[in-house]
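Reviewing the structure listed below.
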Amino acid sequence: MLVLFETPAGYAIFKLLDESKLSEINDLYQEFNTPEGASAVVKLKNFIKFEDTTEALAATTAAIEGKISKPLKKALKKYVSKDIQDQLLVGDAKLGSAIKEKFDLQCVANSNVQELLRCIRSQMDSLLAGLPKKEMTAMALGLAHSLSRYKLKFSPDKIDTMIVQAQCLLDDLDKELNNYIMRCREWYGWHFPELGKIITDNTLFVKVVKLIGTRDNASKTDLSDILPEDLEEKVKEAAEISMGTEISDDDILNIQNLCDEIISITDYRTHLTDYLKARMMAMAPNLTVLIGEHIGARLIAHAGSLMNLAKQPASTVQIFGAEKALFRALKTKKDTPKYGLIYHAQLVGQCSTKNKGKMSRMLAAKAALATRMDAFGEDVSFELGAEHKVKLENKLRLLEEGNLRRISGTGKAKAKFEKYHSKSEVFQYPVAADSTLEKKPVKREHSPEPETSTKKIKLEDGANDVTPKKIKIEKIREEPAEEPAEPTSEKKKKKKKKSLDASQADTTVENDEVDAPTPKSEKKKKKKKSITEE
């Protein structure tokens, strides 16, 4: 059974003398306490030395990736293929599978093999007797430096770091430029205050101040290379009638030095912007085309690297930069923010206020896809980002038009579209409502019905054809309509019965033509009856 052992100086192939030691792995370290015990377990069969550090670096990088390097391939062909019946003990399972596919060797890689290799490494100096310890240490140090340099050179994190640093430097330059320009305007404004109102562009203002110096030189200075003719005339006219104070030559010299500083920083900022754009197009072309190099660089800087940004979901990308607002909203139980750094993207800026949330959500989803394509794709181009940008622009056009294409002239859809547009309506305040006087109750007058108004019931003497039903109708109409409180249903029934009885009694009296007796005659009759009975 053979053992493949890797060292900084080359590959060593040992032969395991006692295969039973591999099963008794718990007590194996005791066998390697002394060089004599180690040589009793394993024996060096062959050692393949690296020619230089470059070859050692190539072999190490191949072993890390699970591939077979050229020195290892030669050694396996020369020494191991003869003993094809033996097993090969390998520390890395990936490397073992690669050797098995290439040479059809049975490779073993498990925890017992790892323990055996660890014991061999503890007695490496005694087992590799032909290699001096000093040379082994020098090879290990050189290989470590070379491998670190190689990883740093081809690491994508390094390019991310350059993008992050460039974007942070751009932000710092913007702050410094704003401070310097404000100071220059305020400083020179004491001498020529009208110039700041005429020239609003900061770069042009600084260049004009540098050329003119004091306002007395404005009429003699040629500003045609910087300003158009109309602005040049205004500046010269304002310089003649300026209300500013006089300043000395030392003052104007310091102001011009500040202008030189501002111009140099502006030029450097332009150069740095071009560098950042080139880096972003090389590193994340889809993300750059979709949301711009500055917003993409800020997102990468906020996430830490392009790989970290690619691992984030779209909902997290949407609110990157608004963490304070998010946690404040969660704490106070209010609405969470809809956008963070992505708010400054061009597509979100083109939206109206009501559509910014929708557009930021859609843009974050597409940006997450573009970032994953840039981070994990091979031979990446900007076609995916350009395609997504065209789709988002079409959706933006539909949102801003209010989905007019889907309305198709229906009233319901039109109402949906119109509810987002405010209508200006003017309401007048009723002044009469301010009155504190009591209102008199208005009496309701019943309008006469056309059918019943023509029918009038009159009770005349000797009218025998009047029926009780007609009398009932007449009594109901004769009741007053303006009673303050309506009686209950039972009282209404009683009143109707009384009115009907009275009307019937009147009709019988009038039909018989009998006069009603007076109350005194009735009393006299009652008295006479009582006397006769006694």
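Please note that chains go A, B, ... in the order of the structure tokens, that every chain numbers its residues from 1, and that ligands are numbered from 1 in the order shown.
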Legend entry - region 15-20 of chain A environment, 6 Å, only C-alpha atoms, sequence neighbours closer than 3 positions dropped, as number ranges by chain: A: 1-2, 23, 41-43
All residues 12 Å or closer to Ala364 (chain A), only C-alpha atoms, same chain fewer than 3 positions away omitted, as a short mmCIF file (atom, residue, chain, number, x, y, z; two decimals) with C-alpha atoms, in the first residue's frame:
data_model
loop_
_atom_site.label_atom_id
_atom_site.label_comp_id
_atom_site.auth_asym_id
_atom_site.auth_seq_id
_atom_site.Cartn_x
_atom_site.Cartn_y
_atom_site.Cartn_z
CA LEU A 287 -25.63 45.98 -13.54
CA LEU A 290 -29.24 48.72 -15.93
CA ILE A 291 -28.76 51.24 -13.09
CA ILE A 295 -25.38 53.42 -8.20
CA GLY A 296 -23.94 49.98 -9.00
CA LEU A 299 -24.50 48.94 -4.00
CA LEU A 309 -24.45 41.56 -3.47
CA ALA A 310 -25.33 38.61 -5.73
CA GLN A 312 -28.87 39.19 -1.53
CA PRO A 313 -32.57 38.91 -2.49
CA ALA A 314 -34.26 41.64 -4.51
CA SER A 315 -36.17 42.93 -1.46
CA THR A 316 -32.87 43.61 0.32
CA VAL A 317 -31.32 45.27 -2.73
CA GLN A 318 -34.38 47.55 -2.92
CA ILE A 319 -33.84 49.05 0.57
CA PHE A 320 -30.02 49.04 0.65
CA LYS A 338 -39.81 51.56 -0.45
CA TYR A 339 -36.33 52.44 -1.73
CA GLY A 340 -32.79 53.19 -0.61
CA LEU A 341 -29.73 53.78 -2.82
CA ILE A 342 -31.74 52.60 -5.85
CA TYR A 343 -33.87 55.77 -5.56
CA ALA A 345 -31.33 55.46 -10.48
CA LEU A 347 -35.57 54.86 -14.17
CA VAL A 348 -36.85 55.66 -10.68
CA LYS A 356 -41.71 55.35 -7.62
CA GLY A 357 -42.39 52.43 -5.28
CA LYS A 358 -43.51 50.12 -8.10
CA MET A 359 -40.58 51.04 -10.30
CA SER A 360 -38.02 50.62 -7.50
CA ARG A 361 -39.40 47.14 -6.76
CA ALA A 367 -30.77 44.34 -10.70
CA ALA A 368 -30.57 41.19 -8.53
CA LEU A 369 -30.75 39.00 -11.67
CA ALA A 370 -28.12 41.13 -13.45
CA THR A 371 -25.78 40.96 -10.44
CA HIS A 388 -34.18 44.30 -18.90
CA LYS A 389 -33.77 48.05 -19.22
CA LEU A 392 -38.62 48.42 -17.64
#
Legend entry - Neighbour list for Lys94 (chain A) as a ChimeraX atom specification, cut-off 8 Å, only C-alpha atoms, skip fewer than 3 positions in-chain: /A:66-67,97-98
Legend entry - Atomic distance CA of Arg183 (chain A) - CA of Leu258 (chain A), expressed in Å with one decimal: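 CA of Leu258 (chain A) lies 9.0 Å from CA of Arg183 (chain A).
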Inset, instruction - Report the distance between CA of Leu384 (chain A) and CA of Ala284 (chain A) in Å, rounded to one decimal place. - result: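 Going from CA of Leu384 (chain A) over to CA of Ala284 (chain A), I get 11.4 Å.
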Legend entry - All strand (DSSP E) positions in region 70-131 of chain A, as a list in words: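 Here are the strand (DSSP E) residues of region 70-131 of chain A: Leu88, Leu89, Cys107 and Val108 of chain A.
Remark: for Lys395 (chain A), the closest of the candidate residues A:Tyr11, A:Ala432, A:Gly304, A:Cys351 is A:Cys351 (distances computed over only C-alpha atoms).
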Looking only at helix (DSSP H, G or I) from DSSP on the backbone, list the matching residues of region 273-360 of chain A as a PDB file with N, CA and C atoms, in the first residue's frame.
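Full text of out.pdb as output:
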ATOM      1  N   THR A 273     -13.809  59.273 -12.628  1.00  0.00           N
ATOM      2  CA  THR A 273     -15.122  58.802 -13.098  1.00  0.00           C
ATOM      3  C   THR A 273     -14.962  57.866 -14.296  1.00  0.00           C
ATOM      4  N   ASP A 274     -14.074  58.232 -15.226  1.00  0.00           N
ATOM      5  CA  ASP A 274     -13.820  57.358 -16.384  1.00  0.00           C
ATOM      6  C   ASP A 274     -13.220  56.022 -15.956  1.00  0.00           C
ATOM      7  N   TYR A 275     -12.321  56.084 -14.979  1.00  0.00           N
ATOM      8  CA  TYR A 275     -11.711  54.841 -14.462  1.00  0.00           C
ATOM      9  C   TYR A 275     -12.771  53.939 -13.822  1.00  0.00           C
ATOM     10  N   LEU A 276     -13.664  54.542 -13.025  1.00  0.00           N
ATOM     11  CA  LEU A 276     -14.716  53.763 -12.365  1.00  0.00           C
ATOM     12  C   LEU A 276     -15.672  53.147 -13.388  1.00  0.00           C
ATOM     13  N   LYS A 277     -15.994  53.908 -14.432  1.00  0.00           N
ATOM     14  CA  LYS A 277     -16.893  53.388 -15.459  1.00  0.00           C
ATOM     15  C   LYS A 277     -16.265  52.198 -16.183  1.00  0.00           C
ATOM     16  N   ALA A 278     -14.971  52.304 -16.488  1.00  0.00           N
ATOM     17  CA  ALA A 278     -14.292  51.194 -17.168  1.00  0.00           C
ATOM     18  C   ALA A 278     -14.218  49.953 -16.277  1.00  0.00           C
ATOM     19  N   ARG A 279     -13.954  50.163 -14.981  1.00  0.00           N
ATOM     20  CA  ARG A 279     -13.892  49.040 -14.046  1.00  0.00           C
ATOM     21  C   ARG A 279     -15.254  48.362 -13.904  1.00  0.00           C
ATOM     22  N   MET A 280     -16.297  49.172 -13.800  1.00  0.00           N
ATOM     23  CA  MET A 280     -17.641  48.610 -13.631  1.00  0.00           C
ATOM     24  C   MET A 280     -18.098  47.861 -14.883  1.00  0.00           C
ATOM     25  N   MET A 281     -17.773  48.376 -16.047  1.00  0.00           N
ATOM     26  CA  MET A 281     -18.146  47.685 -17.284  1.00  0.00           C
ATOM     27  C   MET A 281     -17.389  46.366 -17.429  1.00  0.00           C
ATOM     28  N   ALA A 282     -16.163  46.292 -16.898  1.00  0.00           N
ATOM     29  CA  ALA A 282     -15.403  45.045 -16.955  1.00  0.00           C
ATOM     30  C   ALA A 282     -15.875  44.055 -15.894  1.00  0.00           C
ATOM     31  N   MET A 283     -16.279  44.572 -14.730  1.00  0.00           N
ATOM     32  CA  MET A 283     -16.628  43.701 -13.616  1.00  0.00           C
ATOM     33  C   MET A 283     -18.109  43.321 -13.612  1.00  0.00           C
ATOM     34  N   PRO A 285     -21.016  44.332 -16.110  1.00  0.00           N
ATOM     35  CA  PRO A 285     -21.576  45.093 -17.242  1.00  0.00           C
ATOM     36  C   PRO A 285     -23.100  45.183 -17.217  1.00  0.00           C
ATOM     37  N   ASN A 286     -23.781  44.096 -16.836  1.00  0.00           N
ATOM     38  CA  ASN A 286     -25.252  44.110 -16.820  1.00  0.00           C
ATOM     39  C   ASN A 286     -25.798  45.076 -15.781  1.00  0.00           C
ATOM     40  N   LEU A 287     -25.192  45.066 -14.600  1.00  0.00           N
ATOM     41  CA  LEU A 287     -25.627  45.981 -13.541  1.00  0.00           C
ATOM     42  C   LEU A 287     -25.346  47.424 -13.913  1.00  0.00           C
ATOM     43  N   THR A 288     -24.217  47.674 -14.586  1.00  0.00           N
ATOM     44  CA  THR A 288     -23.861  49.034 -14.986  1.00  0.00           C
ATOM     45  C   THR A 288     -24.828  49.583 -16.026  1.00  0.00           C
ATOM     46  N   VAL A 289     -25.186  48.752 -17.021  1.00  0.00           N
ATOM     47  CA  VAL A 289     -26.120  49.192 -18.056  1.00  0.00           C
ATOM     48  C   VAL A 289     -27.508  49.444 -17.467  1.00  0.00           C
ATOM     49  N   LEU A 290     -27.892  48.638 -16.477  1.00  0.00           N
ATOM     50  CA  LEU A 290     -29.245  48.722 -15.931  1.00  0.00           C
ATOM     51  C   LEU A 290     -29.440  49.931 -15.024  1.00  0.00           C
ATOM     52  N   ILE A 291     -28.535  50.159 -14.072  1.00  0.00           N
ATOM     53  CA  ILE A 291     -28.761  51.236 -13.088  1.00  0.00           C
ATOM     54  C   ILE A 291     -27.652  52.290 -13.070  1.00  0.00           C
ATOM     55  N   GLU A 293     -23.186  53.270 -13.415  1.00  0.00           N
ATOM     56  CA  GLU A 293     -21.967  52.844 -12.731  1.00  0.00           C
ATOM     57  C   GLU A 293     -21.896  53.351 -11.295  1.00  0.00           C
ATOM     58  N   HIS A 294     -22.410  54.555 -11.033  1.00  0.00           N
ATOM     59  CA  HIS A 294     -22.305  55.115  -9.679  1.00  0.00           C
ATOM     60  C   HIS A 294     -23.219  54.372  -8.701  1.00  0.00           C
ATOM     61  N   ILE A 295     -24.462  54.130  -9.093  1.00  0.00           N
ATOM     62  CA  ILE A 295     -25.384  53.420  -8.204  1.00  0.00           C
ATOM     63  C   ILE A 295     -24.928  51.971  -8.032  1.00  0.00           C
ATOM     64  N   GLY A 296     -24.451  51.344  -9.109  1.00  0.00           N
ATOM     65  CA  GLY A 296     -23.942  49.980  -8.998  1.00  0.00           C
ATOM     66  C   GLY A 296     -22.733  49.891  -8.073  1.00  0.00           C
ATOM     67  N   ALA A 297     -21.821  50.868  -8.180  1.00  0.00           N
ATOM     68  CA  ALA A 297     -20.641  50.875  -7.302  1.00  0.00           C
ATOM     69  C   ALA A 297     -21.042  51.100  -5.845  1.00  0.00           C
ATOM     70  N   ARG A 298     -22.048  51.957  -5.618  1.00  0.00           N
ATOM     71  CA  ARG A 298     -22.507  52.175  -4.238  1.00  0.00           C
ATOM     72  C   ARG A 298     -23.148  50.918  -3.655  1.00  0.00           C
ATOM     73  N   LEU A 299     -23.900  50.193  -4.477  1.00  0.00           N
ATOM     74  CA  LEU A 299     -24.501  48.940  -4.002  1.00  0.00           C
ATOM     75  C   LEU A 299     -23.425  47.907  -3.665  1.00  0.00           C
ATOM     76  N   ILE A 300     -22.396  47.811  -4.528  1.00  0.00           N
ATOM     77  CA  ILE A 300     -21.296  46.872  -4.259  1.00  0.00           C
ATOM     78  C   ILE A 300     -20.552  47.274  -2.998  1.00  0.00           C
ATOM     79  N   ALA A 301     -20.332  48.585  -2.826  1.00  0.00           N
ATOM     80  CA  ALA A 301     -19.629  49.062  -1.627  1.00  0.00           C
ATOM     81  C   ALA A 301     -20.458  48.786  -0.374  1.00  0.00           C
ATOM     82  N   HIS A 302     -21.770  48.932  -0.477  1.00  0.00           N
ATOM     83  CA  HIS A 302     -22.631  48.702   0.686  1.00  0.00           C
ATOM     84  C   HIS A 302     -22.679  47.226   1.049  1.00  0.00           C
ATOM     85  N   ALA A 303     -22.681  46.353   0.029  1.00  0.00           N
ATOM     86  CA  ALA A 303     -22.727  44.902   0.296  1.00  0.00           C
ATOM     87  C   ALA A 303     -21.362  44.353   0.694  1.00  0.00           C
ATOM     88  N   LEU A 306     -19.026  42.079  -4.876  1.00  0.00           N
ATOM     89  CA  LEU A 306     -20.021  41.682  -5.881  1.00  0.00           C
ATOM     90  C   LEU A 306     -20.649  40.338  -5.526  1.00  0.00           C
ATOM     91  N   MET A 307     -19.875  39.430  -4.947  1.00  0.00           N
ATOM     92  CA  MET A 307     -20.412  38.122  -4.560  1.00  0.00           C
ATOM     93  C   MET A 307     -21.449  38.273  -3.455  1.00  0.00           C
ATOM     94  N   ASN A 308     -21.158  39.135  -2.485  1.00  0.00           N
ATOM     95  CA  ASN A 308     -22.136  39.360  -1.406  1.00  0.00           C
ATOM     96  C   ASN A 308     -23.409  40.001  -1.932  1.00  0.00           C
ATOM     97  N   LEU A 309     -23.271  40.921  -2.889  1.00  0.00           N
ATOM     98  CA  LEU A 309     -24.451  41.555  -3.471  1.00  0.00           C
ATOM     99  C   LEU A 309     -25.278  40.548  -4.267  1.00  0.00           C
ATOM    100  N   ALA A 310     -24.607  39.614  -4.946  1.00  0.00           N
ATOM    101  CA  ALA A 310     -25.331  38.606  -5.733  1.00  0.00           C
ATOM    102  C   ALA A 310     -26.106  37.641  -4.841  1.00  0.00           C
ATOM    103  N   LYS A 311     -25.672  37.468  -3.602  1.00  0.00           N
ATOM    104  CA  LYS A 311     -26.366  36.557  -2.684  1.00  0.00           C
ATOM    105  C   LYS A 311     -27.590  37.193  -2.040  1.00  0.00           C
ATOM    106  N   ALA A 314     -33.888  40.362  -3.901  1.00  0.00           N
ATOM    107  CA  ALA A 314     -34.261  41.643  -4.505  1.00  0.00           C
ATOM    108  C   ALA A 314     -34.858  42.595  -3.477  1.00  0.00           C
ATOM    109  N   SER A 315     -35.569  42.065  -2.480  1.00  0.00           N
ATOM    110  CA  SER A 315     -36.168  42.930  -1.464  1.00  0.00           C
ATOM    111  C   SER A 315     -35.110  43.643  -0.632  1.00  0.00           C
ATOM    112  N   THR A 316     -33.965  42.971  -0.416  1.00  0.00           N
ATOM    113  CA  THR A 316     -32.870  43.607   0.323  1.00  0.00           C
ATOM    114  C   THR A 316     -32.151  44.635  -0.540  1.00  0.00           C
ATOM    115  N   VAL A 317     -31.961  44.325  -1.812  1.00  0.00           N
ATOM    116  CA  VAL A 317     -31.321  45.274  -2.731  1.00  0.00           C
ATOM    117  C   VAL A 317     -32.157  46.551  -2.838  1.00  0.00           C
ATOM    118  N   GLN A 318     -33.487  46.401  -2.771  1.00  0.00           N
ATOM    119  CA  GLN A 318     -34.382  47.551  -2.919  1.00  0.00           C
ATOM    120  C   GLN A 318     -34.189  48.574  -1.803  1.00  0.00           C
ATOM    121  N   GLU A 323     -31.450  51.470   5.971  1.00  0.00           N
ATOM    122  CA  GLU A 323     -31.587  50.585   7.120  1.00  0.00           C
ATOM    123  C   GLU A 323     -32.128  51.326   8.339  1.00  0.00           C
ATOM    124  N   LYS A 324     -31.685  52.564   8.530  1.00  0.00           N
ATOM    125  CA  LYS A 324     -32.164  53.339   9.682  1.00  0.00           C
ATOM    126  C   LYS A 324     -33.667  53.567   9.597  1.00  0.00           C
ATOM    127  N   ALA A 325     -34.120  53.955   8.408  1.00  0.00           N
ATOM    128  CA  ALA A 325     -35.557  54.191   8.221  1.00  0.00           C
ATOM    129  C   ALA A 325     -36.350  52.895   8.385  1.00  0.00           C
ATOM    130  N   LEU A 326     -35.774  51.763   7.939  1.00  0.00           N
ATOM    131  CA  LEU A 326     -36.465  50.488   8.051  1.00  0.00           C
ATOM    132  C   LEU A 326     -36.664  50.102   9.513  1.00  0.00           C
ATOM    133  N   PHE A 327     -35.599  50.159  10.312  1.00  0.00           N
ATOM    134  CA  PHE A 327     -35.714  49.748  11.708  1.00  0.00           C
ATOM    135  C   PHE A 327     -36.537  50.748  12.519  1.00  0.00           C
ATOM    136  N   ARG A 328     -36.480  52.033  12.132  1.00  0.00           N
ATOM    137  CA  ARG A 328     -37.333  53.013  12.802  1.00  0.00           C
ATOM    138  C   ARG A 328     -38.799  52.723  12.519  1.00  0.00           C
ATOM    139  N   ALA A 329     -39.104  52.354  11.270  1.00  0.00           N
ATOM    140  CA  ALA A 329     -40.495  52.037  10.910  1.00  0.00           C
ATOM    141  C   ALA A 329     -40.969  50.771  11.619  1.00  0.00           C
ATOM    142  N   LEU A 330     -40.102  49.775  11.718  1.00  0.00           N
ATOM    143  CA  LEU A 330     -40.485  48.553  12.431  1.00  0.00           C
ATOM    144  C   LEU A 330     -40.687  48.799  13.917  1.00  0.00           C
ATOM    145  N   LYS A 331     -39.897  49.702  14.469  1.00  0.00           N
ATOM    146  CA  LYS A 331     -40.012  49.990  15.901  1.00  0.00           C
ATOM    147  C   LYS A 331     -41.275  50.779  16.206  1.00  0.00           C
ATOM    148  N   THR A 332     -41.583  51.746  15.376  1.00  0.00           N
ATOM    149  CA  THR A 332     -42.771  52.588  15.590  1.00  0.00           C
ATOM    150  C   THR A 332     -44.026  52.040  14.928  1.00  0.00           C
ATOM    151  N   LEU A 341     -30.681  53.231  -1.841  1.00  0.00           N
ATOM    152  CA  LEU A 341     -29.733  53.782  -2.817  1.00  0.00           C
ATOM    153  C   LEU A 341     -30.284  53.732  -4.240  1.00  0.00           C
ATOM    154  N   ILE A 342     -31.191  52.782  -4.502  1.00  0.00           N
ATOM    155  CA  ILE A 342     -31.744  52.602  -5.848  1.00  0.00           C
ATOM    156  C   ILE A 342     -32.659  53.757  -6.250  1.00  0.00           C
ATOM    157  N   TYR A 343     -33.011  54.616  -5.279  1.00  0.00           N
ATOM    158  CA  TYR A 343     -33.867  55.774  -5.562  1.00  0.00           C
ATOM    159  C   TYR A 343     -33.209  56.731  -6.567  1.00  0.00           C
ATOM    160  N   HIS A 344     -31.866  56.791  -6.558  1.00  0.00           N
ATOM    161  CA  HIS A 344     -31.146  57.731  -7.421  1.00  0.00           C
ATOM    162  C   HIS A 344     -30.936  57.193  -8.834  1.00  0.00           C
ATOM    163  N   GLN A 346     -31.787  56.214 -12.727  1.00  0.00           N
ATOM    164  CA  GLN A 346     -32.453  57.032 -13.743  1.00  0.00           C
ATOM    165  C   GLN A 346     -33.910  56.628 -13.941  1.00  0.00           C
ATOM    166  N   LEU A 347     -34.201  55.324 -13.940  1.00  0.00           N
ATOM    167  CA  LEU A 347     -35.566  54.855 -14.172  1.00  0.00           C
ATOM    168  C   LEU A 347     -36.503  55.270 -13.038  1.00  0.00           C
ATOM    169  N   VAL A 348     -36.016  55.250 -11.803  1.00  0.00           N
ATOM    170  CA  VAL A 348     -36.852  55.661 -10.675  1.00  0.00           C
ATOM    171  C   VAL A 348     -37.055  57.176 -10.688  1.00  0.00           C
ATOM    172  N   GLY A 349     -36.034  57.909 -11.086  1.00  0.00           N
ATOM    173  CA  GLY A 349     -36.161  59.364 -11.138  1.00  0.00           C
ATOM    174  C   GLY A 349     -37.136  59.852 -12.189  1.00  0.00           C
ATOM    175  N   THR A 353     -44.494  60.492  -8.470  1.00  0.00           N
ATOM    176  CA  THR A 353     -44.370  60.105  -7.061  1.00  0.00           C
ATOM    177  C   THR A 353     -45.139  58.832  -6.750  1.00  0.00           C
ATOM    178  N   LYS A 354     -46.310  58.659  -7.343  1.00  0.00           N
ATOM    179  CA  LYS A 354     -47.139  57.489  -7.015  1.00  0.00           C
ATOM    180  C   LYS A 354     -46.563  56.191  -7.581  1.00  0.00           C
ATOM    181  N   ASN A 355     -45.697  56.278  -8.617  1.00  0.00           N
ATOM    182  CA  ASN A 355     -45.161  55.076  -9.269  1.00  0.00           C
ATOM    183  C   ASN A 355     -43.726  54.757  -8.864  1.00  0.00           C
ATOM    184  N   LYS A 356     -43.112  55.572  -7.985  1.00  0.00           N
ATOM    185  CA  LYS A 356     -41.714  55.347  -7.620  1.00  0.00           C
ATOM    186  C   LYS A 356     -41.537  54.025  -6.867  1.00  0.00           C
ATOM    187  N   GLY A 357     -42.488  53.687  -6.010  1.00  0.00           N
ATOM    188  CA  GLY A 357     -42.393  52.431  -5.276  1.00  0.00           C
ATOM    189  C   GLY A 357     -42.453  51.215  -6.184  1.00  0.00           C
ATOM    190  N   LYS A 358     -43.387  51.228  -7.147  1.00  0.00           N
ATOM    191  CA  LYS A 358     -43.510  50.115  -8.096  1.00  0.00           C
ATOM    192  C   LYS A 358     -42.243  49.969  -8.930  1.00  0.00           C
ATOM    193  N   MET A 359     -41.756  51.099  -9.434  1.00  0.00           N
ATOM    194  CA  MET A 359     -40.577  51.037 -10.300  1.00  0.00           C
ATOM    195  C   MET A 359     -39.342  50.596  -9.521  1.00  0.00           C
ATOM    196  N   SER A 360     -39.184  51.047  -8.291  1.00  0.00           N
ATOM    197  CA  SER A 360     -38.024  50.625  -7.498  1.00  0.00           C
ATOM    198  C   SER A 360     -38.076  49.125  -7.208  1.00  0.00           C
TER     199      SER A 360
END
Inset, instruction - Using CA of Leu131 (chain A) and CA of Asn46 (chain A) as the two end points, give the distance in Å to one decimal. - result: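 Between CA of Leu131 (chain A) and CA of Asn46 (chain A) the gap works out to 12.5 Å.
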Legend entry - Residues near Thr137 (chain A), cut-off 10 Å, only C-alpha atoms, skip fewer than 6 positions along chain, as an MDAnalysis selection string: chainID A and resid 8:9 143
Residue selection dump (all heavy atoms) as a compact mmCIF listing (two decimals), in the first residue's frame:
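Produced file result_32.txt, reproduced below:
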# COMPACT_ATOMS: atom_id res chain seq x y z
N PRO A 8 6.42 21.15 0.41
CA PRO A 8 6.76 22.34 -0.37
C PRO A 8 7.91 22.10 -1.36
O PRO A 8 8.04 22.82 -2.35
CB PRO A 8 7.17 23.36 0.69
CG PRO A 8 6.53 22.89 1.95
CD PRO A 8 6.49 21.41 1.85
N ALA A 9 8.73 21.07 -1.09
CA ALA A 9 9.88 20.81 -1.97
C ALA A 9 9.55 19.82 -3.08
O ALA A 9 10.27 19.77 -4.08
CB ALA A 9 11.06 20.29 -1.15
N LEU A 143 7.06 29.35 -1.33
CA LEU A 143 5.77 28.88 -1.86
C LEU A 143 4.60 29.63 -1.22
O LEU A 143 3.62 29.96 -1.89
CB LEU A 143 5.64 27.38 -1.62
CG LEU A 143 4.36 26.72 -2.12
CD1 LEU A 143 4.22 26.90 -3.62
CD2 LEU A 143 4.31 25.25 -1.74
Legend entry - Asp251 (chain A) surroundings by only C-alpha atoms, 10 Å radius, close-in-sequence under 3 positions cut, as a PyMOL selection string: chain A and resi 187-188+213-214+247-248+254-256
Based on the selection just made, write N, CA and C atoms of those residues as a short mmCIF file (atom, residue, chain, number, x, y, z; two decimals), in the first residue's frame.
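Listed below is the output, again_12.cif:
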data_model
loop_
_atom_site.label_atom_id
_atom_site.label_comp_id
_atom_site.auth_asym_id
_atom_site.auth_seq_id
_atom_site.Cartn_x
_atom_site.Cartn_y
_atom_site.Cartn_z
N TRP A 187 -15.84 84.26 -0.89
CA TRP A 187 -14.63 85.09 -0.77
C TRP A 187 -14.59 86.15 -1.87
N TYR A 188 -14.79 85.70 -3.12
CA TYR A 188 -14.73 86.65 -4.23
C TYR A 188 -15.99 87.51 -4.30
N GLY A 213 -9.11 88.09 -12.23
CA GLY A 213 -8.43 88.66 -11.07
C GLY A 213 -9.34 89.70 -10.44
N THR A 214 -8.89 90.91 -10.36
CA THR A 214 -9.76 91.99 -9.86
C THR A 214 -10.73 92.42 -10.96
N ILE A 247 -10.11 94.99 -2.90
CA ILE A 247 -9.22 94.03 -2.24
C ILE A 247 -7.82 94.21 -2.78
N SER A 248 -6.84 93.72 -2.00
CA SER A 248 -5.44 93.89 -2.36
C SER A 248 -4.99 92.79 -3.32
N ASN A 254 -4.36 84.74 -3.44
CA ASN A 254 -4.83 83.57 -2.68
C ASN A 254 -6.13 83.01 -3.26
N ILE A 255 -7.00 83.89 -3.73
CA ILE A 255 -8.24 83.43 -4.36
C ILE A 255 -7.94 82.66 -5.64
N GLN A 256 -6.97 83.16 -6.42
CA GLN A 256 -6.60 82.46 -7.66
C GLN A 256 -5.94 81.11 -7.38
#
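Of the listed residues (A:Ile199, A:Ala365, A:Ala239, A:Leu398), A:Ala239 comes nearest to Ala218 (chain A); the distances count only C-alpha atoms.
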